[in-house]
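Printed here is entry.pdb (PDB, C-alpha atoms):
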```pdb
ATOM      1  CA  ASN A   1     -11.308  -3.904   3.229  1.00  0.00           C
ATOM      2  CA  MET A   2     -11.160  -7.564   4.219  1.00  0.00           C
ATOM      3  CA  LYS A   3     -13.240  -8.542   1.197  1.00  0.00           C
ATOM      4  CA  PHE A   4     -11.051  -6.440  -1.060  1.00  0.00           C
ATOM      5  CA  ALA A   5      -7.808  -7.907   0.298  1.00  0.00           C
ATOM      6  CA  ILE A   6      -9.011 -11.512   0.224  1.00  0.00           C
ATOM      7  CA  ASN A   7      -9.796 -10.974  -3.460  1.00  0.00           C
ATOM      8  CA  GLY A   8      -6.359  -9.572  -4.275  1.00  0.00           C
ATOM      9  CA  SER A   9      -6.963  -5.848  -4.014  1.00  0.00           C
ATOM     10  CA  LEU A  10      -4.237  -3.773  -2.464  1.00  0.00           C
ATOM     11  CA  ILE A  11      -5.333  -1.490   0.345  1.00  0.00           C
ATOM     12  CA  ILE A  12      -4.425   2.138   0.882  1.00  0.00           C
ATOM     13  CA  GLY A  13      -5.668   3.375   4.228  1.00  0.00           C
ATOM     14  CA  THR A  14      -5.043   4.507   7.754  1.00  0.00           C
ATOM     15  CA  LEU A  15      -3.914   2.064  10.409  1.00  0.00           C
ATOM     16  CA  ASP A  16      -7.202   1.634  12.214  1.00  0.00           C
ATOM     17  CA  GLY A  17     -10.122  -0.753  12.298  1.00  0.00           C
ATOM     18  CA  ALA A  18      -9.705  -3.865  10.196  1.00  0.00           C
ATOM     19  CA  ASN A  19      -6.553  -2.478   8.570  1.00  0.00           C
ATOM     20  CA  VAL A  20      -4.659  -3.185  11.813  1.00  0.00           C
ATOM     21  CA  GLU A  21      -5.474  -6.883  11.635  1.00  0.00           C
ATOM     22  CA  ILE A  22      -5.033  -7.043   7.874  1.00  0.00           C
ATOM     23  CA  ALA A  23      -1.547  -5.492   8.065  1.00  0.00           C
ATOM     24  CA  GLU A  24      -0.593  -7.996  10.793  1.00  0.00           C
ATOM     25  CA  GLU A  25      -1.656 -10.911   8.602  1.00  0.00           C
ATOM     26  CA  ILE A  26      -0.462  -9.866   5.150  1.00  0.00           C
ATOM     27  CA  GLY A  27       2.611  -7.885   6.231  1.00  0.00           C
ATOM     28  CA  ASP A  28       3.269  -4.154   6.202  1.00  0.00           C
ATOM     29  CA  GLU A  29       5.036  -4.513   2.861  1.00  0.00           C
ATOM     30  CA  ASN A  30       1.756  -5.551   1.189  1.00  0.00           C
ATOM     31  CA  ILE A  31      -0.443  -2.655   2.287  1.00  0.00           C
ATOM     32  CA  PHE A  32      -0.162   1.113   1.829  1.00  0.00           C
ATOM     33  CA  ILE A  33      -0.627   2.723   5.253  1.00  0.00           C
ATOM     34  CA  PHE A  34      -0.626   6.480   5.820  1.00  0.00           C
ATOM     35  CA  GLY A  35      -1.669   9.013   8.401  1.00  0.00           C
ATOM     36  CA  ALA A  36      -1.921   9.383  12.137  1.00  0.00           C
ATOM     37  CA  ARG A  37      -1.636   6.369  14.422  1.00  0.00           C
ATOM     38  CA  ALA A  38      -4.257   5.652  17.081  1.00  0.00           C
ATOM     39  CA  HIS A  39      -2.069   6.862  19.941  1.00  0.00           C
ATOM     40  CA  GLU A  40      -1.657  10.264  18.226  1.00  0.00           C
ATOM     41  CA  VAL A  41      -5.342  10.997  17.605  1.00  0.00           C
ATOM     42  CA  ALA A  42      -6.302  12.646  20.913  1.00  0.00           C
ATOM     43  CA  LYS A  43      -3.320  15.005  20.770  1.00  0.00           C
ATOM     44  CA  LEU A  44      -3.974  15.901  17.111  1.00  0.00           C
ATOM     45  CA  ARG A  45      -7.647  16.602  17.816  1.00  0.00           C
ATOM     46  CA  ALA A  46      -6.668  18.866  20.704  1.00  0.00           C
ATOM     47  CA  GLU A  47      -4.217  20.723  18.440  1.00  0.00           C
ATOM     48  CA  ARG A  48      -6.714  21.004  15.561  1.00  0.00           C
ATOM     49  CA  PRO A  49      -7.661  24.675  16.112  1.00  0.00           C
ATOM     50  CA  GLY A  50      -4.059  25.769  15.504  1.00  0.00           C
ATOM     51  CA  LEU A  51      -3.346  23.403  12.624  1.00  0.00           C
ATOM     52  CA  SER A  52      -1.622  24.910   9.606  1.00  0.00           C
ATOM     53  CA  VAL A  53      -3.046  22.837   6.783  1.00  0.00           C
ATOM     54  CA  ASP A  54      -1.208  21.735   3.667  1.00  0.00           C
ATOM     55  CA  PRO A  55      -1.867  24.244   0.845  1.00  0.00           C
ATOM     56  CA  ARG A  56      -2.886  21.372  -1.435  1.00  0.00           C
ATOM     57  CA  PHE A  57      -5.616  20.456   1.035  1.00  0.00           C
ATOM     58  CA  SER A  58      -6.858  24.042   1.110  1.00  0.00           C
ATOM     59  CA  HIS A  59      -6.836  24.138  -2.698  1.00  0.00           C
ATOM     60  CA  VAL A  60      -8.947  20.984  -2.974  1.00  0.00           C
ATOM     61  CA  VAL A  61     -11.397  22.166  -0.315  1.00  0.00           C
ATOM     62  CA  ASP A  62     -11.695  25.553  -2.041  1.00  0.00           C
ATOM     63  CA  GLN A  63     -12.414  23.837  -5.374  1.00  0.00           C
ATOM     64  CA  ILE A  64     -15.130  21.698  -3.798  1.00  0.00           C
ATOM     65  CA  ARG A  65     -16.591  24.706  -1.958  1.00  0.00           C
ATOM     66  CA  SER A  66     -16.677  26.756  -5.181  1.00  0.00           C
ATOM     67  CA  GLY A  67     -18.638  24.144  -7.079  1.00  0.00           C
ATOM     68  CA  TYR A  68     -15.770  23.214  -9.383  1.00  0.00           C
ATOM     69  CA  PHE A  69     -16.902  19.562  -9.202  1.00  0.00           C
ATOM     70  CA  GLY A  70     -20.587  20.534  -9.201  1.00  0.00           C
ATOM     71  CA  TRP A  71     -23.177  20.501  -6.445  1.00  0.00           C
ATOM     72  CA  GLU A  72     -21.419  22.806  -3.991  1.00  0.00           C
ATOM     73  CA  ASP A  73     -24.523  22.786  -1.753  1.00  0.00           C
ATOM     74  CA  TYR A  74     -24.486  18.980  -1.701  1.00  0.00           C
ATOM     75  CA  PHE A  75     -20.835  18.878  -0.573  1.00  0.00           C
ATOM     76  CA  ALA A  76     -21.143  21.795   1.861  1.00  0.00           C
ATOM     77  CA  PRO A  77     -21.624  19.594   4.969  1.00  0.00           C
ATOM     78  CA  ILE A  78     -18.476  17.640   4.105  1.00  0.00           C
ATOM     79  CA  VAL A  79     -16.488  20.826   3.516  1.00  0.00           C
ATOM     80  CA  ASP A  80     -17.759  22.216   6.817  1.00  0.00           C
ATOM     81  CA  ALA A  81     -16.807  19.021   8.652  1.00  0.00           C
ATOM     82  CA  VAL A  82     -13.222  18.902   7.353  1.00  0.00           C
ATOM     83  CA  THR A  83     -12.605  22.625   7.834  1.00  0.00           C
ATOM     84  CA  SER A  84     -14.074  22.995  11.323  1.00  0.00           C
ATOM     85  CA  SER A  85     -13.804  20.176  13.844  1.00  0.00           C
ATOM     86  CA  ASP A  86     -12.294  17.652  11.379  1.00  0.00           C
ATOM     87  CA  TYR A  87     -12.997  14.793  13.775  1.00  0.00           C
ATOM     88  CA  TYR A  88     -11.456  12.244  11.383  1.00  0.00           C
ATOM     89  CA  LEU A  89      -8.265  14.305  10.894  1.00  0.00           C
ATOM     90  CA  VAL A  90      -8.665  14.511   7.122  1.00  0.00           C
ATOM     91  CA  ALA A  91      -6.531  17.658   6.962  1.00  0.00           C
ATOM     92  CA  ASN A  92      -3.789  16.033   9.035  1.00  0.00           C
ATOM     93  CA  ASP A  93      -3.726  12.925   6.856  1.00  0.00           C
ATOM     94  CA  PHE A  94      -3.973  14.672   3.484  1.00  0.00           C
ATOM     95  CA  ALA A  95      -0.248  15.103   2.710  1.00  0.00           C
ATOM     96  CA  PRO A  96       0.626  11.587   3.968  1.00  0.00           C
ATOM     97  CA  TYR A  97      -2.222  10.266   1.786  1.00  0.00           C
ATOM     98  CA  LEU A  98      -0.765  11.974  -1.290  1.00  0.00           C
ATOM     99  CA  ASP A  99       2.640  10.412  -0.497  1.00  0.00           C
ATOM    100  CA  ALA A 100       1.049   6.976  -0.094  1.00  0.00           C
ATOM    101  CA  GLN A 101      -0.865   7.404  -3.359  1.00  0.00           C
ATOM    102  CA  ALA A 102       2.415   8.205  -5.116  1.00  0.00           C
ATOM    103  CA  LYS A 103       3.775   4.891  -3.774  1.00  0.00           C
ATOM    104  CA  VAL A 104       0.675   3.115  -5.069  1.00  0.00           C
ATOM    105  CA  ASP A 105       1.194   4.670  -8.509  1.00  0.00           C
ATOM    106  CA  ALA A 106       4.885   3.718  -8.584  1.00  0.00           C
ATOM    107  CA  THR A 107       4.135   0.182  -7.416  1.00  0.00           C
ATOM    108  CA  TYR A 108       1.437  -0.271 -10.055  1.00  0.00           C
ATOM    109  CA  LYS A 109       3.991   0.567 -12.754  1.00  0.00           C
ATOM    110  CA  ASP A 110       6.096  -2.363 -11.478  1.00  0.00           C
ATOM    111  CA  GLN A 111       3.656  -5.089 -12.474  1.00  0.00           C
ATOM    112  CA  ASP A 112       5.781  -7.903 -10.975  1.00  0.00           C
ATOM    113  CA  LYS A 113       5.811  -6.187  -7.593  1.00  0.00           C
ATOM    114  CA  TRP A 114       2.108  -5.325  -7.813  1.00  0.00           C
ATOM    115  CA  THR A 115       1.204  -8.907  -8.686  1.00  0.00           C
ATOM    116  CA  ARG A 116       3.358 -10.302  -5.888  1.00  0.00           C
ATOM    117  CA  MET A 117       1.749  -7.940  -3.365  1.00  0.00           C
ATOM    118  CA  SER A 118      -1.707  -8.908  -4.593  1.00  0.00           C
ATOM    119  CA  ILE A 119      -0.954 -12.625  -4.247  1.00  0.00           C
ATOM    120  CA  MET A 120       0.588 -12.134  -0.796  1.00  0.00           C
ATOM    121  CA  SER A 121      -2.436 -10.126   0.265  1.00  0.00           C
ATOM    122  CA  THR A 122      -4.824 -12.896  -0.736  1.00  0.00           C
ATOM    123  CA  ALA A 123      -2.593 -15.625   0.722  1.00  0.00           C
ATOM    124  CA  GLY A 124      -2.343 -13.828   4.053  1.00  0.00           C
ATOM    125  CA  MET A 125      -6.081 -13.360   4.471  1.00  0.00           C
ATOM    126  CA  GLY A 126      -6.896 -16.945   5.482  1.00  0.00           C
ATOM    127  CA  LYS A 127      -7.547 -15.877   9.069  1.00  0.00           C
ATOM    128  CA  PHE A 128     -10.553 -13.934   7.859  1.00  0.00           C
ATOM    129  CA  SER A 129     -12.307 -16.828   6.129  1.00  0.00           C
ATOM    130  CA  THR A 130     -16.004 -17.030   6.912  1.00  0.00           C
ATOM    131  CA  ASP A 131     -15.643 -20.602   8.234  1.00  0.00           C
ATOM    132  CA  ARG A 132     -13.175 -19.563  10.935  1.00  0.00           C
ATOM    133  CA  THR A 133     -14.899 -16.288  11.712  1.00  0.00           C
ATOM    134  CA  ILE A 134     -18.381 -17.758  12.126  1.00  0.00           C
ATOM    135  CA  SER A 135     -17.043 -20.651  14.189  1.00  0.00           C
ATOM    136  CA  GLU A 136     -15.148 -18.246  16.469  1.00  0.00           C
ATOM    137  CA  TYR A 137     -18.121 -15.890  16.838  1.00  0.00           C
ATOM    138  CA  ALA A 138     -20.424 -18.817  17.619  1.00  0.00           C
ATOM    139  CA  LYS A 139     -18.075 -20.040  20.354  1.00  0.00           C
ATOM    140  CA  ASP A 140     -16.728 -16.801  21.853  1.00  0.00           C
ATOM    141  CA  ILE A 141     -19.485 -14.244  21.305  1.00  0.00           C
ATOM    142  CA  TRP A 142     -22.793 -16.001  20.788  1.00  0.00           C
ATOM    143  CA  ASP A 143     -22.026 -18.998  23.036  1.00  0.00           C
ATOM    144  CA  ALA A 144     -23.797 -21.187  20.470  1.00  0.00           C
ATOM    145  CA  GLN A 145     -23.238 -24.926  20.420  1.00  0.00           C
ATOM    146  CA  PRO A 146     -22.801 -26.816  17.163  1.00  0.00           C
ATOM    147  CA  CYS A 147     -25.823 -28.670  15.871  1.00  0.00           C
ATOM    148  CA  VAL A 148     -24.712 -32.061  14.634  1.00  0.00           C
ATOM    149  CA  VAL A 149     -26.536 -33.079  11.480  1.00  0.00           C
ATOM    150  CA  PRO A 150     -27.061 -36.842  11.335  1.00  0.00           C
ATOM    151  CA  ASP A 151     -25.375 -38.631   8.470  1.00  0.00           C
ATOM    152  CA  PRO A 152     -28.145 -40.438   6.519  1.00  0.00           C
ATOM    153  CA  ALA A 153     -25.642 -43.080   5.381  1.00  0.00           C
ATOM    154  CA  LYS A 154     -25.073 -44.145   8.983  1.00  0.00           C
ATOM    155  CA  GLN A 155     -28.738 -44.652   9.868  1.00  0.00           C
TER
END
```
Show this structure as C-alpha coordinates.
Amino acid sequence: NMKFAINGSLIIGTLDGANVEIAEEIGDENIFIFGARAHEVAKLRAERPGLSVDPRFSHVVDQIRSGYFGWEDYFAPIVDAVTSSDYYLVANDFAPYLDAQAKVDATYKDQDKWTRMSIMSTAGMGKFSTDRTISEYAKDIWDAQPCVVPDPAKQ
(Lines of atoms letter the chains of each structure in order from A and count residues from 1; the text may use other names and numbers.)
(Lines give C-alpha, C1' and ligand atoms only; values in the text may rest on other atoms or scores of the structure.)
Protein backbone atom coordinates (compact mmCIF):
# COMPACT_ATOMS: atom_id res chain seq x y z
CA ASN A 1 0.00 0.00 0.00
CA MET A 2 2.92 2.35 0.60
CA LYS A 3 3.90 2.19 -3.06
CA PHE A 4 0.32 2.81 -4.11
CA ALA A 5 -0.10 5.80 -1.79
CA ILE A 6 3.24 7.39 -2.66
CA ASN A 7 2.12 7.27 -6.30
CA GLY A 8 -1.22 8.94 -5.62
CA SER A 9 -3.51 5.95 -5.24
CA LEU A 10 -6.16 6.15 -2.58
CA ILE A 11 -6.27 3.23 -0.17
CA ILE A 12 -9.31 1.32 1.02
CA GLY A 13 -8.39 -1.11 3.76
CA THR A 14 -8.45 -2.19 7.36
CA LEU A 15 -6.48 -0.32 9.99
CA ASP A 16 -3.62 -2.75 10.37
CA GLY A 17 -0.09 -3.24 9.12
CA ALA A 18 1.26 -0.40 7.03
CA ASN A 19 -2.16 1.26 6.85
CA VAL A 20 -1.73 2.37 10.48
CA GLU A 21 1.41 4.32 9.64
CA ILE A 22 0.05 5.55 6.32
CA ALA A 23 -3.11 6.94 7.96
CA GLU A 24 -0.96 8.71 10.59
CA GLU A 25 1.11 10.38 7.88
CA ILE A 26 -1.49 11.28 5.25
CA GLY A 27 -4.43 11.89 7.60
CA ASP A 28 -7.57 9.85 8.19
CA GLU A 29 -9.44 12.07 5.74
CA ASN A 30 -7.26 10.80 2.86
CA ILE A 31 -7.72 7.06 3.34
CA PHE A 32 -10.80 4.83 3.40
CA ILE A 33 -10.59 2.68 6.54
CA PHE A 34 -13.17 0.03 7.43
CA GLY A 35 -13.57 -2.97 9.67
CA ALA A 36 -12.48 -4.20 13.06
CA ARG A 37 -9.70 -2.47 14.97
CA ALA A 38 -6.75 -4.42 16.36
CA HIS A 39 -8.02 -4.30 19.94
CA GLU A 40 -11.32 -5.92 18.86
CA VAL A 41 -9.86 -8.89 16.97
CA ALA A 42 -9.43 -11.39 19.83
CA LYS A 43 -12.98 -10.84 21.05
CA LEU A 44 -14.43 -11.11 17.52
CA ARG A 45 -12.52 -14.34 16.86
CA ALA A 46 -13.84 -15.79 20.12
CA GLU A 47 -17.40 -14.81 19.14
CA ARG A 48 -17.04 -16.15 15.57
CA PRO A 49 -18.99 -19.40 16.09
CA GLY A 50 -22.14 -17.46 16.99
CA LEU A 51 -21.76 -14.74 14.37
CA SER A 52 -24.87 -13.88 12.39
CA VAL A 53 -23.41 -12.89 9.04
CA ASP A 54 -24.71 -10.17 6.75
CA PRO A 55 -27.07 -11.71 4.16
CA ARG A 56 -25.09 -10.01 1.39
CA PHE A 57 -21.99 -11.86 2.55
CA SER A 58 -23.85 -15.17 2.51
CA HIS A 59 -25.16 -14.40 -0.98
CA VAL A 60 -21.68 -13.71 -2.35
CA VAL A 61 -20.22 -16.82 -0.70
CA ASP A 62 -23.09 -18.93 -2.06
CA GLN A 63 -22.47 -17.57 -5.58
CA ILE A 64 -18.77 -18.39 -5.36
CA ARG A 65 -19.51 -21.85 -3.91
CA SER A 66 -22.01 -22.59 -6.71
CA GLY A 67 -19.53 -21.82 -9.45
CA TYR A 68 -21.31 -18.66 -10.59
CA PHE A 69 -17.89 -17.05 -11.21
CA GLY A 70 -16.40 -20.31 -12.50
CA TRP A 71 -13.94 -22.72 -10.94
CA GLU A 72 -15.89 -23.55 -7.79
CA ASP A 73 -13.30 -26.22 -6.89
CA TYR A 74 -10.51 -23.65 -7.21
CA PHE A 75 -12.25 -21.24 -4.81
CA ALA A 76 -13.42 -23.94 -2.39
CA PRO A 77 -10.52 -23.47 0.07
CA ILE A 78 -11.24 -19.74 0.26
CA VAL A 79 -14.96 -20.35 0.79
CA ASP A 80 -14.15 -22.90 3.49
CA ALA A 81 -11.78 -20.47 5.22
CA VAL A 82 -14.26 -17.57 5.36
CA THR A 83 -17.20 -19.74 6.40
CA SER A 84 -15.47 -21.78 9.10
CA SER A 85 -12.75 -20.24 11.25
CA ASP A 86 -12.60 -16.94 9.29
CA TYR A 87 -9.30 -16.04 10.95
CA TYR A 88 -9.13 -12.72 9.07
CA LEU A 89 -12.70 -11.74 10.02
CA VAL A 90 -13.84 -11.34 6.42
CA ALA A 91 -17.47 -11.91 7.38
CA ASN A 92 -17.25 -9.33 10.16
CA ASP A 93 -15.71 -6.72 7.87
CA PHE A 94 -17.93 -7.34 4.84
CA ALA A 95 -20.73 -4.83 5.57
CA PRO A 96 -18.26 -2.12 6.71
CA TYR A 97 -16.29 -2.77 3.50
CA LEU A 98 -19.41 -2.23 1.38
CA ASP A 99 -20.05 1.06 3.23
CA ALA A 100 -16.44 2.16 2.66
CA GLN A 101 -16.67 1.22 -1.02
CA ALA A 102 -19.78 3.39 -1.33
CA LYS A 103 -17.73 6.29 0.09
CA VAL A 104 -14.99 5.56 -2.45
CA ASP A 105 -17.56 5.63 -5.27
CA ALA A 106 -19.09 8.90 -4.04
CA THR A 107 -15.67 10.49 -3.60
CA TYR A 108 -14.57 9.46 -7.09
CA LYS A 109 -17.59 11.28 -8.54
CA ASP A 110 -16.28 14.47 -6.86
CA GLN A 111 -13.15 14.79 -8.97
CA ASP A 112 -11.87 17.86 -7.07
CA LYS A 113 -12.05 16.00 -3.77
CA TRP A 114 -10.54 12.84 -5.28
CA THR A 115 -7.66 14.80 -6.78
CA ARG A 116 -7.02 16.66 -3.53
CA MET A 117 -6.97 13.39 -1.58
CA SER A 118 -4.59 11.85 -4.10
CA ILE A 119 -2.20 14.81 -3.87
CA MET A 120 -2.37 14.83 -0.06
CA SER A 121 -1.69 11.11 -0.02
CA THR A 122 1.44 11.49 -2.12
CA ALA A 123 2.58 14.59 -0.21
CA GLY A 124 2.19 12.84 3.14
CA MET A 125 4.22 9.79 2.16
CA GLY A 126 7.66 11.40 2.43
CA LYS A 127 8.42 9.45 5.60
CA PHE A 128 8.40 6.27 3.55
CA SER A 129 11.02 7.35 1.01
CA THR A 130 13.63 4.70 0.32
CA ASP A 131 16.46 7.07 1.32
CA ARG A 132 15.10 7.54 4.84
CA THR A 133 13.97 3.95 5.23
CA ILE A 134 17.27 2.38 4.16
CA SER A 135 19.26 4.82 6.28
CA GLU A 136 17.10 4.06 9.33
CA TYR A 137 17.26 0.29 8.79
CA ALA A 138 21.04 0.46 8.35
CA LYS A 139 21.42 2.35 11.63
CA ASP A 140 18.72 0.81 13.84
CA ILE A 141 18.31 -2.75 12.55
CA TRP A 142 21.41 -3.80 10.66
CA ASP A 143 23.88 -1.73 12.72
CA ALA A 144 25.72 -0.96 9.47
CA GLN A 145 28.11 1.96 9.26
CA PRO A 146 28.18 4.25 6.24
CA CYS A 147 30.93 3.63 3.73
CA VAL A 148 32.36 6.96 2.67
CA VAL A 149 33.18 7.04 -1.02
CA PRO A 150 36.20 9.22 -1.73
CA ASP A 151 35.58 12.24 -3.92
CA PRO A 152 37.93 11.91 -6.93
CA ALA A 153 38.01 15.71 -7.31
CA LYS A 154 39.61 16.05 -3.88
CA GLN A 155 42.46 13.60 -4.49
Nearby residues (all atoms listed in the file) at most 8 Å from segment 32-42 of chain A, same-chain spacing under 4 positions excluded, as a PyMOL selection string: chain A and resi 10-16+28+46+92-94+96-97+100+103-104
May I have the protein, DNA and RNA residues with any atom at most 12 Å from the point (-13.6, 18.4, 6.0), counting all atoms listed in the file, written as a ChimeraX atom specification? /A:53,57-58,60-62,64-65,75-94
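With atom CA of Gly124 of chain A on one side and atom CA of Ile26 of chain A on the other, the separation reads 4.5 Å.
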Just to confirm, what's the straight-line distance from atom CA of Thr115 of chain A to atom CA of Ala5 of chain A in Å (one decimal)?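 Calculated distance between atom CA of Thr115 of chain A and atom CA of Ala5 of chain A is 12.8 Å.
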Grab the atom CA of Lys113 of chain A to atom CA of Ile31 of chain A distance for me, in Å with one decimal place.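 Going from atom CA of Lys113 of chain A over to atom CA of Ile31 of chain A covers 12.2 Å.
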Of the residues A:Ser135, A:Met125, A:Pro152, A:Asp99, which is the one nearest to Glu24 of chain A, using all atoms listed in the file?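 Closest to Glu24 of chain A, using all atoms listed in the file: A:Met125.
Considering only C-alpha atoms, the residue among A:Ala18, A:Val148, A:Met117, A:Met2 positioned nearest to Thr130 of chain A is A:Met2.
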Counting only C-alpha atoms, which residue out of A:Thr122, A:Leu44, A:Ile134, A:Lys154 sits closest to Asn1 of chain A?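 Going through A:Thr122, A:Leu44, A:Ile134, A:Lys154 one by one, the smallest distance to Asn1 of chain A is for A:Thr122.
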Best match for closeness to Asp54 of chain A among A:Leu98, A:Ile6, A:Ala144, A:Val20, counting all atoms listed in the file: A:Leu98
